[in-house]
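Notes to accompany the following structure.
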Amino acid sequence: LGTSVGTNTLTATAAGLAGSPVTFTVTALAGALHHFLITAADGSAIPSQVAGAAFDVKITAQDANDNTVTSYTGTPTLTSTGTLLEGGGMTEAFTAGVLASESVTIGSSGSFTLTATDGAVTGVSSSFVVNASTARQLVLTTNAAGAASGAAFTTQPVVAIRDTAGTTVTTNTSTVTMTVNSDGTVVGTAMATAVGGVATFTNVGISGTAGSRYT
């Protein structure tokens, strides 16, 4: 038989025998579960996505010849090389060897894959890109510390520009300005331009009253 499921037509021929050739049909069935195919919901490769935004994938149980194993109704585990905010862990049950739509949300940006696993059987999607979303927040990743009034901090502050999912927007090159409450004065270089979505101050400090706390 051929490698594809469905009807196969076979012909038997014997020279000199009455009734030759004889033609008959048989139905080929899928083999044992061999791997999973992970695609976009429409069956194409997973396109670029945005961090924090849900998208749907389709998972198909296949045999060694890429035929759908329609008898499979399991619930494989879905993982990713990115940070899964939704869709990780055990999936919904398959119907006739197919999970037509599984919602997935990845919170990190970069190039990632998805993997479906059921026991020793796995399947890995093609690599796809997840881009950071629009900048929505500033996150102080390194706090300023260690300086006398009027001098630059010995530990300079570092600020990340992130989207709503907490992913650093690596394409952002905004200028971040440091200010202080009315009881103090910023000294040195109060502005830092982000590189890769991260603004690192280099020569900033505060002039104020010793022992006071400033924001």
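Every chain in the structure tokens has a letter given in the order shown (A, B, ...), and although residue numbers restart at 1 in each chain, ligands are simply numbered from 1 in the order shown.
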
Per residue of range 42-77 of chain A within 10 Å of range 100-111 of chain A, which atom pair is closest and at what distance in Å (one decimal), using only C-alpha atoms, listed by chain and increasing number, as CSV?
residue,atom,partner,partner_atom,distance
A:Asp42,CA,A:Ala100,CA,8.8
A:Gly43,CA,A:Ala100,CA,9.3
A:Ser48,CA,A:Ser111,CA,9.1
A:Gln49,CA,A:Ile106,CA,8.6
A:Val50,CA,A:Ser109,CA,7.8
A:Ala51,CA,A:Gly107,CA,4.9
A:Gly52,CA,A:Gly107,CA,4.8
A:Ala53,CA,A:Thr105,CA,5.7
A:Ala54,CA,A:Thr105,CA,4.4
A:Phe55,CA,A:Val104,CA,5.4
A:Asp56,CA,A:Ser103,CA,4.5
A:Val57,CA,A:Glu102,CA,5.3
A:Lys58,CA,A:Ala100,CA,4.9
A:Ile59,CA,A:Ala100,CA,6.6
A:Thr60,CA,A:Ala100,CA,8.0

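For Ala32 in chain A, the set of protein, DNA and RNA residues having any atom at most 9 Å away, when counting only C-alpha atoms and skipping those fewer than 2 positions along the same chain, is Ala30, His34, Gln62, Asp63, Ala64 and Val69 of chain A.
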
Give me, as CSV, each residue of range 45-158 of chain A that comes within 7 Å of range 199-212 of chain A, together with its shortest interatomic pair and the distance in Å at one decimal, counting only C-alpha atoms, with rows ordered by chain and rising residue number.
residue,atom,partner,partner_atom,distance
A:Ser149,CA,A:Ser207,CA,4.6
A:Gly150,CA,A:Ser207,CA,4.1
A:Ala151,CA,A:Gly205,CA,5.5
A:Ala152,CA,A:Gly205,CA,4.1
A:Phe153,CA,A:Gly205,CA,5.2
A:Gln156,CA,A:Phe201,CA,5.7
A:Pro157,CA,A:Phe201,CA,5.7
A:Val158,CA,A:Thr200,CA,4.5

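Counting only C-alpha atoms, the residue from A:Ala41, A:Ala160, A:Asn181, A:Gly82 that sits nearest to Ala194 in chain A is A:Ala160.
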